[in-house]
Amino acid sequence: METPPLPSTSSEQSHDKLWIILCHLSLILGVGFILPFIVFLVKRDESALVAAHAKEVLNFHISLLIYSICTFPFVFILIGIPMYIALGIMAFICAIIAAIKASEGGFYRYPITIRMIS
């Protein structure tokens, strides 16, 4: 006879919340794509919530990379510099908003994100 799974303790939930917040702040912390990718690989079988947040962050970072590559040719006609600045400011603000929502137990869908990882 199988034993039912034990309910998660508040310690496990607080660790999950910490991983979620760190994923959202990874770009600001300087570990951009690497931290959410590792968290996703490690936690995808343990916590669906952590995996969902990590996937959202990964999709956002991949989208930022694509937008940065597409913006590069515009640097030569000087319009690309303000576009890069706007992209950076938007990424910073969205990461802060997502971390705040995650700390409150919510889920933030990043704007202009191409959702490739599902």
# chains A, B, ... in the order shown; residues from 1 in each chain; ligands from 1

$ residues_around --residues "region 105-116 of chain A" --least-positions-apart "6" --cutoff "7 Å" --atoms "only C-alpha atoms" --output "VMD selection string"
chain A and resid 59 to 60 63 94 98

$ select_by_dssp --residues "chain A" --states "alpha helix (DSSP H)" --output "PyMOL selection string"
chain A and resi 10-24+26-29+34-43+48-71+80-103

$ closest_residue --among "A:Ile81, A:Val42, A:His53, A:Ile117" --to "His24 (chain A)" --atoms "only C-alpha atoms"
A:His53

$ residues_around --residues "Glu104 (chain A)" --least-positions-apart "3" --cutoff "12 Å" --atoms "only C-alpha atoms" --output "PyMOL selection string"
chain A and resi 14+17-18+20-21+97-101+107-108

$ write_last_selection --atoms "C-alpha atoms" --output "PDB file, in the first residue's frame"
ATOM      1  CA  SER A  14       9.769  29.431   1.554  1.00  0.00           C
ATOM      2  CA  LYS A  17       9.581  31.269  -3.066  1.00  0.00           C
ATOM      3  CA  LEU A  18      13.267  32.131  -2.684  1.00  0.00           C
ATOM      4  CA  ILE A  20      11.310  31.939  -7.736  1.00  0.00           C
ATOM      5  CA  ILE A  21      12.384  35.410  -6.643  1.00  0.00           C
ATOM      6  CA  ILE A  97       7.651  43.837 -10.706  1.00  0.00           C
ATOM      7  CA  ALA A  98       7.844  40.067 -11.262  1.00  0.00           C
ATOM      8  CA  ALA A  99       9.897  39.562  -8.087  1.00  0.00           C
ATOM      9  CA  ILE A 100       7.412  41.604  -6.046  1.00  0.00           C
ATOM     10  CA  LYS A 101       4.451  39.668  -7.449  1.00  0.00           C
ATOM     11  CA  PHE A 107       2.520  35.002 -11.159  1.00  0.00           C
ATOM     12  CA  TYR A 108       3.775  37.685 -13.551  1.00  0.00           C
TER      13      TYR A 108
END

$ closest_residue --among "A:Leu65, A:Cys23, A:Leu35, A:Met90" --to "Val50 (chain A)" --atoms "only C-alpha atoms"
A:Cys23

$ closest_residue --among "A:Ala86, A:Leu64, A:Ile96, A:Ala52" --to "Leu25 (chain A)" --atoms "only C-alpha atoms"
A:Ile96

$ atom_distance --atom1 "CA of Ser47 (chain A)" --atom2 "CA of Leu29 (chain A)"
23.1 Å

$ atom_distance --atom1 "CA of Ala91 (chain A)" --atom2 "CA of Phe72 (chain A)"
17.0 Å

$ closest_residue --among "A:Leu41, A:Gly32, A:Ile85, A:Gln13" --to "Ser68 (chain A)" --atoms "only C-alpha atoms"
A:Ile85

$ closest_residue --among "A:Val75, A:Ile28, A:Val39, A:Cys70" --to "Ile93 (chain A)" --atoms "only C-alpha atoms"
A:Ile28

$ atom_distance --atom1 "CA of Leu58 (chain A)" --atom2 "CA of Phe33 (chain A)"
6.4 Å
